[in-house]
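J.: Data: target10.txt, compact mmCIF, C-alpha atoms.
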# COMPACT_ATOMS: atom_id res chain seq x y z
CA MET A 1 -0.16 44.93 20.85
CA ASN A 2 -1.00 46.36 24.30
CA ASN A 3 -2.95 49.54 23.63
CA LYS A 4 -3.37 50.28 27.33
CA ILE A 5 0.35 50.96 27.79
CA TRP A 6 0.46 53.14 24.69
CA ARG A 7 -2.64 55.02 25.88
CA LEU A 8 -1.13 55.73 29.31
CA THR A 9 2.18 56.81 27.79
CA PHE A 10 0.51 59.12 25.27
CA THR A 11 -1.78 60.61 27.93
CA ALA A 12 1.17 61.19 30.30
CA LEU A 13 3.11 63.00 27.58
CA LEU A 14 0.17 65.29 26.78
CA VAL A 15 -0.42 65.98 30.49
CA THR A 16 3.26 66.88 30.92
CA LEU A 17 3.13 69.14 27.87
CA ALA A 18 -0.09 70.79 29.10
CA VAL A 19 1.39 71.38 32.56
CA GLY A 20 4.44 73.06 31.00
CA VAL A 21 2.22 75.30 28.88
CA GLY A 22 0.04 76.06 31.90
CA TRP A 23 3.04 76.99 34.04
CA TYR A 24 4.34 79.30 31.32
CA ALA A 25 0.89 80.89 30.87
CA SER A 26 0.44 81.38 34.64
CA ASN A 27 3.74 83.27 34.85
CA LEU A 28 2.76 85.50 31.92
CA VAL A 29 -0.60 86.34 33.47
CA PHE A 30 0.89 86.91 36.93
CA ASP A 31 3.68 89.18 35.61
CA PHE A 32 1.12 91.24 33.69
CA LEU A 33 -1.09 91.69 36.77
CA ARG A 34 1.88 92.45 39.02
CA GLU A 35 2.99 95.24 36.68
CA LYS A 36 -0.45 96.73 37.12
CA ASN A 37 0.06 96.51 40.92
CA LEU A 38 -2.91 94.14 41.22
CA LEU A 39 -0.97 91.25 42.79
CA THR A 40 2.04 90.61 45.00
CA GLU A 41 4.84 88.07 44.55
CA SER A 42 3.48 85.94 47.39
CA GLN A 43 0.33 85.20 45.39
CA ARG A 44 2.17 83.59 42.45
CA TRP A 45 1.67 80.08 43.82
CA VAL A 46 -2.11 80.50 43.54
CA TYR A 47 -1.77 80.90 39.77
CA TRP A 48 0.59 77.95 39.57
CA VAL A 49 -1.95 75.73 41.35
CA VAL A 50 -4.95 76.95 39.30
CA PHE A 51 -3.19 76.74 35.94
CA GLY A 52 -1.50 73.47 36.89
CA LEU A 53 -4.74 71.69 37.82
CA SER A 54 -6.49 73.05 34.74
CA SER A 55 -3.60 71.85 32.58
CA VAL A 56 -3.68 68.35 34.09
CA ILE A 57 -7.42 67.99 33.49
CA PHE A 58 -7.20 69.39 29.96
CA GLY A 59 -4.16 67.27 29.09
CA PHE A 60 -5.77 64.09 30.40
CA ALA A 61 -9.04 64.66 28.51
CA LEU A 62 -7.23 65.62 25.32
CA GLY A 63 -4.92 62.63 25.59
CA ARG A 64 -7.77 60.15 25.99
CA PHE A 65 -9.76 61.67 23.13
CA THR A 66 -6.80 61.91 20.77
CA PHE A 67 -5.62 58.38 21.44
CA ARG A 68 -9.12 56.99 20.76
CA LYS A 69 -8.95 58.62 17.35
CA ILE A 70 -5.48 57.18 16.79
CA GLU A 71 -6.74 53.71 17.81
CA SER A 72 -9.60 54.01 15.32
CA LEU A 73 -7.16 55.00 12.59
CA GLY A 74 -4.91 52.08 13.53
CA ASP A 75 -7.84 49.64 13.29
CA GLN A 76 -8.63 50.94 9.81
CA MET A 77 -5.03 50.57 8.73
CA ARG A 78 -4.90 46.98 10.03
CA LYS A 79 -7.84 46.14 7.77
CA MET A 80 -6.12 47.61 4.71
CA SER A 81 -4.40 45.43 2.18
CA THR A 82 -0.61 45.44 1.94
CA ARG A 83 -0.83 47.32 -1.34
CA ASP A 84 -2.83 50.12 0.31
CA LYS A 85 -0.34 50.40 3.18
CA VAL A 86 2.61 50.58 0.80
CA ALA A 87 0.85 53.28 -1.23
CA ILE A 88 0.10 55.38 1.87
CA GLY A 89 3.64 54.96 3.22
CA ALA A 90 5.17 55.96 -0.11
CA GLY A 91 2.92 59.01 -0.34
CA LEU A 92 3.74 60.19 3.21
CA THR A 93 7.46 59.69 2.66
CA MET A 94 7.37 61.73 -0.52
CA GLY A 95 5.35 64.45 1.21
CA ILE A 96 7.85 64.69 4.09
CA PHE A 97 10.82 64.96 1.73
CA LEU A 98 9.13 67.69 -0.30
CA THR A 99 8.19 69.57 2.87
CA ALA A 100 11.78 69.38 4.15
CA ALA A 101 13.09 70.77 0.85
CA ILE A 102 10.58 73.62 0.77
CA SER A 103 11.04 74.47 4.46
CA VAL A 104 14.58 75.66 3.78
CA VAL A 105 13.25 78.28 1.39
CA ILE A 106 10.46 79.27 3.77
CA PHE A 107 12.78 79.76 6.78
CA ARG A 108 15.12 81.90 4.70
CA ALA A 109 12.26 84.03 3.42
CA LEU A 110 10.80 84.45 6.94
CA ASP A 111 13.98 84.51 9.00
CA HIS A 112 12.72 87.59 10.83
CA ASN A 113 9.63 85.74 12.08
CA THR A 114 10.36 82.18 13.18
CA LEU A 115 6.82 81.51 14.45
CA ALA A 116 5.26 82.41 11.09
CA ALA A 117 7.81 80.24 9.27
CA VAL A 118 6.99 77.22 11.45
CA ALA A 119 3.26 77.73 10.86
CA VAL A 120 3.74 77.98 7.07
CA VAL A 121 5.95 74.86 7.04
CA LEU A 122 3.38 72.85 9.02
CA ILE A 123 0.51 73.88 6.75
CA THR A 124 2.60 73.18 3.64
CA GLY A 125 3.61 69.79 5.02
CA VAL A 126 0.01 68.76 5.66
CA ILE A 127 -1.07 69.83 2.17
CA LEU A 128 1.86 68.13 0.41
CA SER A 129 1.45 64.94 2.43
CA TYR A 130 -2.24 64.77 1.56
CA LEU A 131 -1.61 65.34 -2.14
CA THR A 132 1.25 62.84 -2.41
CA THR A 133 -0.67 60.21 -0.42
CA SER A 134 -3.72 60.67 -2.63
CA ALA A 135 -1.57 60.36 -5.75
CA ALA A 136 0.20 57.23 -4.47
CA PHE A 137 -3.10 55.67 -3.40
CA SER A 138 -4.58 56.24 -6.85
CA MET A 139 -1.60 54.41 -8.37
CA LYS A 140 -1.78 51.41 -6.05
CA GLU A 141 -2.95 49.13 -8.86
CA GLU A 142 0.29 49.85 -10.73
CA LEU A 143 2.24 48.84 -7.62
CA HIS A 144 0.87 45.34 -8.10
CA PHE A 145 3.33 44.81 -10.92
CA TYR A 146 6.31 45.75 -8.75
CA MET A 147 5.59 43.72 -5.64
CA PRO A 148 4.60 40.06 -5.19
CA PRO A 149 1.10 39.44 -3.83
CA GLN A 150 0.73 38.36 -0.23
CA PRO A 151 -0.64 34.84 0.44
CA LYS A 152 -4.09 36.17 1.28
CA GLU A 153 -4.20 38.41 -1.79
CA ALA A 154 -2.91 35.59 -3.98
CA GLU A 155 -5.67 33.35 -2.66
CA GLU A 156 -8.28 36.04 -3.38
CA GLU A 157 -6.99 36.51 -6.93
CA ASN A 158 -7.04 32.76 -7.52
CA THR A 159 -10.62 32.65 -6.23
CA LEU A 160 -11.62 35.49 -8.53
CA GLN A 161 -10.17 33.71 -11.53
CA HIS A 162 -12.05 30.45 -10.94
CA ALA A 163 -15.31 31.54 -9.27
CA THR A 164 -18.56 32.27 -11.07
CA PHE A 165 -20.35 34.97 -9.12
CA LYS A 166 -24.08 35.61 -8.97
CA ILE A 167 -24.48 39.09 -7.46
CA LEU A 168 -27.83 39.84 -5.79
CA ASP A 169 -29.34 43.31 -5.68
CA THR A 170 -31.62 44.70 -2.97
CA ASN A 171 -34.93 44.25 -4.81
CA VAL A 172 -34.37 40.60 -5.65
CA ILE A 173 -33.54 39.83 -2.00
CA ILE A 174 -36.70 41.55 -0.72
CA ASP A 175 -38.73 39.77 -3.43
CA GLY A 176 -37.79 36.44 -1.81
CA ARG A 177 -38.21 34.11 -4.78
CA ILE A 178 -34.43 33.95 -5.25
CA ALA A 179 -34.16 31.82 -2.08
CA ASP A 180 -36.39 29.11 -3.56
CA ILE A 181 -34.65 29.33 -6.95
CA ALA A 182 -31.21 28.95 -5.37
CA ARG A 183 -32.42 26.17 -3.07
CA ALA A 184 -33.71 24.28 -6.11
CA GLY A 185 -30.22 24.45 -7.67
CA PHE A 186 -31.03 26.77 -10.57
CA VAL A 187 -28.40 29.35 -9.48
CA GLU A 188 -24.91 28.04 -10.15
CA GLY A 189 -21.64 29.38 -8.79
CA THR A 190 -20.98 31.61 -5.79
CA ILE A 191 -23.83 33.77 -4.49
CA TYR A 192 -22.32 37.15 -3.55
CA ILE A 193 -24.04 39.74 -1.34
CA PRO A 194 -22.29 43.15 -1.58
CA GLY A 195 -21.86 44.98 1.70
CA PHE A 196 -23.51 48.14 0.35
CA VAL A 197 -26.61 46.08 -0.56
CA LEU A 198 -26.68 44.74 3.00
CA ASP A 199 -26.31 48.30 4.32
CA GLU A 200 -29.20 49.44 2.12
CA LEU A 201 -31.35 46.60 3.46
CA GLN A 202 -30.47 47.63 7.02
CA HIS A 203 -31.35 51.25 6.21
CA ILE A 204 -34.73 50.17 4.80
CA ALA A 205 -35.36 47.96 7.85
CA ASP A 206 -34.72 50.98 10.12
CA SER A 207 -37.06 53.26 8.14
CA SER A 208 -39.81 55.18 9.94
CA ASP A 209 -42.23 54.10 7.20
CA GLY A 210 -43.99 50.89 8.26
CA LEU A 211 -44.15 49.38 4.76
CA LYS A 212 -40.49 50.04 4.03
CA ARG A 213 -39.50 48.69 7.44
CA ALA A 214 -41.42 45.47 6.80
CA ARG A 215 -39.79 45.08 3.36
CA GLY A 216 -36.32 45.60 4.81
CA ARG A 217 -36.86 43.09 7.61
CA ARG A 218 -38.24 40.59 5.12
CA GLY A 219 -35.05 40.95 3.06
CA LEU A 220 -32.85 40.41 6.11
CA ASP A 221 -34.88 37.36 7.15
CA ILE A 222 -34.50 35.87 3.68
CA LEU A 223 -30.74 36.43 3.76
CA ASN A 224 -30.51 34.76 7.17
CA GLN A 225 -32.45 31.80 5.84
CA MET A 226 -30.22 31.56 2.76
CA GLN A 227 -27.12 31.80 4.96
CA LYS A 228 -28.21 28.70 6.89
CA GLU A 229 -29.02 26.64 3.81
CA LEU A 230 -26.62 27.94 1.15
CA THR A 231 -23.06 29.23 0.88
CA LEU A 232 -23.03 33.02 0.66
CA VAL A 233 -20.08 35.38 0.29
CA VAL A 234 -20.58 38.83 1.86
CA ARG A 235 -18.55 42.06 1.48
CA SER A 236 -15.31 40.33 0.43
CA TYR A 237 -14.84 42.14 -2.91
CA ASP A 238 -16.64 45.45 -2.34
CA LYS A 239 -13.36 47.31 -2.76
CA LEU A 240 -13.63 46.64 -6.50
CA ALA A 241 -16.58 49.07 -6.71
CA PRO A 242 -16.17 52.82 -5.96
CA GLU A 243 -17.75 53.89 -2.67
CA LYS A 244 -18.96 57.34 -3.79
CA GLU A 245 -21.41 56.09 -6.44
CA GLU A 246 -25.04 54.98 -6.26
CA VAL A 247 -25.89 51.38 -5.38
CA ASP A 248 -26.98 50.47 -8.93
CA SER A 249 -23.77 51.86 -10.46
CA ARG A 250 -21.66 50.01 -7.89
CA LEU A 251 -23.51 46.77 -8.64
CA VAL A 252 -22.81 47.06 -12.36
CA LYS A 253 -19.12 47.91 -11.84
CA LEU A 254 -18.73 45.13 -9.29
CA ALA A 255 -20.26 42.61 -11.70
CA LYS A 256 -17.86 43.74 -14.43
CA ALA A 257 -14.86 43.55 -12.09
CA LEU A 258 -15.80 40.06 -10.88
CA ASP A 259 -16.86 38.94 -14.37
CA GLY A 260 -20.07 37.84 -12.69
CA THR A 261 -23.79 37.85 -13.38
CA LEU A 262 -26.24 40.31 -11.85
CA VAL A 263 -29.42 38.76 -10.42
CA THR A 264 -32.30 41.25 -10.21
CA ASN A 265 -35.96 41.93 -10.88
CA ASP A 266 -35.42 45.67 -11.43
CA PHE A 267 -36.30 46.54 -15.04
CA ASN A 268 -34.17 49.72 -15.15
CA LEU A 269 -31.11 48.07 -13.58
CA ASN A 270 -31.53 45.23 -16.04
CA LYS A 271 -31.37 47.58 -19.03
CA VAL A 272 -28.43 49.59 -17.65
CA ALA A 273 -26.44 46.41 -17.00
CA GLU A 274 -27.16 45.03 -20.47
CA LEU A 275 -26.03 48.31 -22.07
CA GLN A 276 -22.70 47.95 -20.27
CA GLY A 277 -22.26 44.33 -21.30
CA VAL A 278 -23.01 42.79 -17.88
CA PRO A 279 -24.94 39.47 -17.94
CA VAL A 280 -28.25 39.68 -16.11
CA LEU A 281 -30.60 37.05 -14.71
CA ASN A 282 -34.04 38.61 -14.29
CA ILE A 283 -36.28 36.41 -12.17
CA ASN A 284 -39.38 38.07 -13.63
CA GLU A 285 -38.38 36.75 -17.05
CA LEU A 286 -37.83 33.35 -15.47
CA ALA A 287 -41.30 33.45 -13.88
CA ASN A 288 -42.88 34.38 -17.22
CA ALA A 289 -41.05 31.54 -18.93
CA LEU A 290 -42.40 29.07 -16.36
CA LYS A 291 -46.05 30.10 -16.70
CA PRO A 292 -48.28 27.38 -18.13
CA ILE A 293 -48.91 27.53 -21.86
CA VAL A 294 -52.52 27.88 -23.01
CA LEU A 295 -53.74 27.76 -26.60
CA PRO A 296 -56.70 29.42 -28.36
CA GLY A 297 -59.73 27.16 -28.04
CA GLU A 298 -58.61 25.66 -24.72
CA GLU A 299 -61.20 25.47 -21.94
CA MET A 300 -60.58 26.36 -18.29
CA ARG A 301 -62.38 27.29 -15.10
CA VAL A 302 -61.78 30.82 -13.86
CA ALA A 303 -63.09 32.85 -10.92
CA VAL A 304 -64.28 36.26 -12.21
CA VAL A 305 -63.14 38.65 -9.50
CA ARG A 306 -64.03 42.09 -10.88
CA GLU A 307 -65.41 44.03 -13.79
CA GLY A 308 -63.28 45.05 -16.75
CA ARG A 309 -63.07 48.51 -18.24
CA GLU A 310 -64.79 47.72 -21.48
CA GLN A 311 -68.46 46.84 -21.84
CA ASN A 312 -69.40 43.35 -20.57
CA GLN A 313 -65.80 42.46 -19.67
CA GLY A 314 -64.81 40.61 -16.50
CA ILE A 315 -61.35 40.02 -15.07
CA GLY A 316 -59.98 36.80 -13.61
CA TYR A 317 -56.56 35.40 -12.73
CA LEU A 318 -54.79 32.09 -12.98
CA ASP A 319 -52.97 30.63 -9.98
CA ASP A 320 -49.69 32.12 -11.22
CA GLY A 321 -51.17 35.62 -11.44
CA THR A 322 -51.78 35.72 -15.21
CA MET A 323 -54.67 38.07 -16.03
CA ILE A 324 -57.62 36.76 -18.06
CA VAL A 325 -59.92 39.26 -19.80
CA ILE A 326 -63.32 37.57 -20.21
CA GLU A 327 -65.80 38.96 -22.74
CA GLY A 328 -69.27 38.72 -21.26
CA GLY A 329 -67.82 38.23 -17.79
CA ARG A 330 -69.30 41.33 -16.17
CA LYS A 331 -72.60 39.59 -15.48
CA VAL A 332 -70.89 36.71 -13.63
CA VAL A 333 -68.53 38.67 -11.35
CA GLY A 334 -67.99 36.68 -8.17
CA GLU A 335 -68.66 33.33 -9.83
CA THR A 336 -66.38 30.58 -11.12
CA VAL A 337 -67.23 29.84 -14.75
CA GLU A 338 -66.06 27.85 -17.74
CA VAL A 339 -64.29 29.98 -20.38
CA ILE A 340 -62.75 29.31 -23.78
CA VAL A 341 -59.40 30.97 -24.66
CA SER A 342 -59.69 33.34 -27.64
CA SER A 343 -56.18 34.74 -27.93
CA LEU A 344 -53.00 35.53 -25.99
CA LEU A 345 -50.90 38.67 -25.72
CA GLN A 346 -47.27 38.65 -24.52
CA THR A 347 -45.99 41.98 -23.14
CA THR A 348 -42.87 43.07 -21.24
CA ALA A 349 -44.97 43.04 -18.07
CA GLY A 350 -46.10 39.47 -18.63
CA LYS A 351 -48.75 37.44 -20.45
CA MET A 352 -52.46 38.24 -20.89
CA ILE A 353 -55.18 35.82 -21.93
CA PHE A 354 -58.43 36.80 -23.69
CA ALA A 355 -61.40 34.48 -23.39
CA HIS A 356 -65.17 34.32 -23.61
CA LEU A 357 -67.79 32.46 -21.68
CA ARG A 358 -68.32 28.91 -22.80
CA ASP A 359 -72.10 29.21 -22.46
CA ASP A 360 -72.21 32.12 -24.92
CA ASP A 361 -71.81 29.88 -27.98
CA GLY A 362 -68.33 30.97 -28.93
CA GLY A 363 -69.07 34.61 -28.16
CA ALA A 364 -71.36 35.20 -31.16
CA ASP A 365 -73.29 37.95 -29.37
CA TYR A 366 -70.09 39.81 -28.72
CA ASP A 367 -68.87 39.36 -32.29
CA ARG A 368 -71.72 41.52 -33.47
CA ASN A 369 -70.88 44.31 -31.02
CA ILE A 370 -67.19 44.40 -30.07
CA ARG A 371 -65.38 41.42 -31.65
CA PRO A 372 -62.09 42.08 -29.76
CA TYR A 373 -60.39 38.93 -30.95
CA THR A 374 -61.22 39.38 -34.67
CA ARG A 375 -60.35 43.06 -34.98
CA GLY A 376 -56.82 42.76 -33.58
CA PRO A 377 -55.35 43.49 -30.18
CA ARG A 378 -56.53 47.10 -29.88
CA THR A 379 -59.57 46.57 -27.63
CA PRO A 380 -57.87 44.00 -25.32
CA ILE A 381 -54.93 46.38 -24.80
CA ARG A 382 -57.35 49.04 -23.52
CA ALA A 383 -58.75 46.48 -21.16
CA GLN A 384 -55.27 45.69 -19.87
CA ARG A 385 -54.58 49.34 -19.06
CA SER A 386 -57.53 49.38 -16.74
Take the structure in this file and express it as structure tokens.

T.:
Amino acid sequence: MNNKIWRLTFTALLVTLAVGVGWYASNLVFDFLREKNLLTESQRWVYWVVFGLSSVIFGFALGRFTFRKIESLGDQMRKMSTRDKVAIGAGLTMGIFLTAAISVVIFRALDHNTLAAVAVVLITGVILSYLTTSAAFSMKEELHFYMPPQPKEAEEENTLQHATFKILDTNVIIDGRIADIARAGFVEGTIYIPGFVLDELQHIADSSDGLKRARGRRGLDILNQMQKELTLVVRSYDKLAPEKEEVDSRLVKLAKALDGTLVTNDFNLNKVAELQGVPVLNINELANALKPIVLPGEEMRVAVVREGREQNQGIGYLDDGTMIVIEGGRKVVGETVEVIVSSLLQTTAGKMIFAHLRDDDGGADYDRNIRPYTRGPRTPIRAQRS
């Protein structure tokens, strides 16, 4: 389709219309001034030239601007599905018919003022066309039962029926561990990246805040890396989630529509999805499940990195980030020591290990004072909150 020819034709029509209006307006202005004896008939051509040139410039500018908007609308319509186009066409047709029926009544009621009748009919037509189009567009899903699907739509529906989707949210992409998990083959099915998640990542990457900008760029880099090594699907089924809702709500509704699984590390999104019956893979739960198992009485070497909140406590960490609360560890902060595991505590945030120094003879000195691992978990929990 040659848009250049259509653009020139449309612009020429608007220029012609503007010149006609300008000529009519110049005659009105000249006749008014001549009645006031301010001008003579020989000066009429000056007004024709001034109004004519102004009309040509205005018509050309308006034509170019208006046709650009029409082109943009045409591009959007080309991207629509057949079902959407049928719905819009049906709505506009119904609106035009209703406007034609009502216009008869309006012209009869305002037969003394044709200009007012035309204005009322135009306004009524726009309102009715909008309402009928909106109504038809909201019923487009019902039209599916009355028209056969197009080859592309049939292929999409067949893909939806047989694919198993893993839908990634923004946080899990920025986190980065999902790339290694997927590369190792622990994520089955089709990895789907919603367009609104990609837009949110782009928005974060463009943030004026340096930390947010770094997080957003990290997420985009991870997606680019995954795109090279894995098969990703992007934006294809976003129309199944409403556009006016928040990202988390759209993710849950998209997962339900695709009968897929949401992959996240967001605790709140996890709970909301589970309440609505959407399967969730939380990589934090996976990380906790993969942490090494230690038993009470087991010995290990730990670097004591800081003091604990309670008396004589020190804090250390395993290679996987598990916190170890060491009774008697305050005096050896900055050293790597041998400890013996006393007990373990599993929380929603992860796993904590309680231990004492091996050289303290099983922690007898601390049994007489604090005894955290014989009096229950109360004291170690206070240490964790530090």

J.: Which residue, A:Asp320, A:Asp266, A:Asp75, A:Asp359, has the smallest gap to Asn288 in chain A when you use only C-alpha atoms?

T.: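 Of all the options, A:Asp320 lies closest to Asn288 in chain A.
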
J.: Find, counting all atoms listed in the file, the residue in A:Glu200, A:Ser26, A:Phe60, A:Ala90 that gets nearest to Thr9 in chain A.

T.: A:Phe60

J.: For CA of Ala179 in chain A and CA of Gln346 in chain A, determine how far apart the two atoms are, in Å to one decimal place.

T.: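 Result for CA of Ala179 in chain A versus CA of Gln346 in chain A: 26.9 Å, one decimal.
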
J.: Which of these, A:Val332, A:Met94, A:Leu258, A:Val234, has the shortest distance to Ala136 in chain A once you count all atoms listed in the file?

T.: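 Going through A:Val332, A:Met94, A:Leu258, A:Val234 one by one, the smallest distance to Ala136 in chain A is for A:Met94.
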
J.: Expressed in Å to a single decimal, how great is the separation between CA of Arg108 in chain A and CA of Val21 in chain A?

T.: 28.2 Å

J.: Residues within 12 Å of Phe186 in chain A, please, as a count of residues only. Count only C-alpha atoms; anything in the same chain fewer than 3 positions from it doesn't count.

T.: 13

J.: Distance CA of Glu71 in chain A-CA of Arg7 in chain A, one decimal place?

T.: 9.1 Å

J.: Counting only C-alpha atoms, which residues sit no farther than 7 Å from the position (6.3, 68.6, 2.9) in the file's frame? I'd like them as number ranges by chain.

T.: A: 95-100, 102, 124-126, 128-129

J.: Tell me, as a count of residues only, which residues lie within 12 Å of Gly314 in chain A, counting all atoms listed in the file; anything in the same chain fewer than 4 positions away does not count.

T.: 33

J.: May I ask which of the residues A:Gly219, A:Pro194, A:Pro296, A:Pro242 is the closest one to Ile173 in chain A, counting only C-alpha atoms?

T.: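 Using only C-alpha atoms, the shortest distance to Ile173 in chain A belongs to A:Gly219.
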
J.: Given the point (-16.2, 46.4, -5.2) in the coordinates of this file, which residues lie within 8 Å, counting all atoms listed in the file, and how would they look as a short mmCIF file (atom, residue, chain, number, x, y, z; two decimals) with C-alpha atoms, in the frame of the given file?

T.:
data_model
loop_
_atom_site.label_atom_id
_atom_site.label_comp_id
_atom_site.auth_asym_id
_atom_site.auth_seq_id
_atom_site.Cartn_x
_atom_site.Cartn_y
_atom_site.Cartn_z
CA PRO A 194 -22.29 43.15 -1.58
CA TYR A 237 -14.84 42.14 -2.91
CA ASP A 238 -16.64 45.45 -2.34
CA LYS A 239 -13.36 47.31 -2.76
CA LEU A 240 -13.63 46.64 -6.50
CA ALA A 241 -16.58 49.07 -6.71
CA PRO A 242 -16.17 52.82 -5.96
CA ARG A 250 -21.66 50.01 -7.89
CA LYS A 253 -19.12 47.91 -11.84
CA LEU A 254 -18.73 45.13 -9.29
CA ALA A 257 -14.86 43.55 -12.09
#

J.: Return the single residue from A:Thr114, A:Ser343, A:Ser208, A:Asn171 that is closest to Asn284 in chain A, with distances computed using only C-alpha atoms.

T.: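 The answer is A:Asn171, which sits nearest to Asn284 in chain A.
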
J.: As a short mmCIF file (atom, residue, chain, number, x, y, z; two decimals), keeping the file's coordinate frame, please: range 305-320 of chain A completed to N, CA and C atoms.

T.:
data_model
loop_
_atom_site.label_atom_id
_atom_site.label_comp_id
_atom_site.auth_asym_id
_atom_site.auth_seq_id
_atom_site.Cartn_x
_atom_site.Cartn_y
_atom_site.Cartn_z
N VAL A 305 -63.28 37.93 -10.77
CA VAL A 305 -63.14 38.65 -9.50
C VAL A 305 -63.60 40.10 -9.57
N ARG A 306 -63.61 40.69 -10.76
CA ARG A 306 -64.03 42.09 -10.88
C ARG A 306 -64.43 42.40 -12.31
N GLU A 307 -64.99 43.59 -12.47
CA GLU A 307 -65.41 44.03 -13.79
C GLU A 307 -64.22 44.58 -14.57
N GLY A 308 -64.29 44.45 -15.90
CA GLY A 308 -63.28 45.05 -16.75
C GLY A 308 -63.67 46.46 -17.13
N ARG A 309 -62.80 47.13 -17.86
CA ARG A 309 -63.07 48.51 -18.24
C ARG A 309 -64.06 48.60 -19.40
N GLU A 310 -63.92 47.69 -20.33
CA GLU A 310 -64.79 47.72 -21.48
C GLU A 310 -66.14 47.08 -21.16
N GLN A 311 -67.11 47.33 -22.04
CA GLN A 311 -68.46 46.84 -21.84
C GLN A 311 -68.48 45.31 -21.78
N ASN A 312 -69.18 44.79 -20.75
CA ASN A 312 -69.40 43.35 -20.57
C ASN A 312 -68.15 42.57 -20.22
N GLN A 313 -67.03 43.21 -19.98
CA GLN A 313 -65.80 42.46 -19.67
C GLN A 313 -65.71 42.15 -18.17
N GLY A 314 -65.15 40.99 -17.86
CA GLY A 314 -64.81 40.61 -16.50
C GLY A 314 -63.33 40.23 -16.44
N ILE A 315 -62.78 40.29 -15.25
CA ILE A 315 -61.35 40.02 -15.07
C ILE A 315 -61.18 38.86 -14.10
N GLY A 316 -60.35 37.91 -14.48
CA GLY A 316 -59.98 36.80 -13.61
C GLY A 316 -58.48 36.57 -13.65
N TYR A 317 -57.99 35.66 -12.82
CA TYR A 317 -56.56 35.40 -12.73
C TYR A 317 -56.32 33.91 -12.60
N LEU A 318 -55.24 33.45 -13.21
CA LEU A 318 -54.79 32.09 -12.98
C LEU A 318 -54.04 32.01 -11.66
N ASP A 319 -53.69 30.81 -11.25
CA ASP A 319 -52.97 30.63 -9.98
C ASP A 319 -51.62 31.33 -9.98
N ASP A 320 -50.99 31.46 -11.15
CA ASP A 320 -49.69 32.12 -11.22
C ASP A 320 -49.79 33.62 -11.40
#
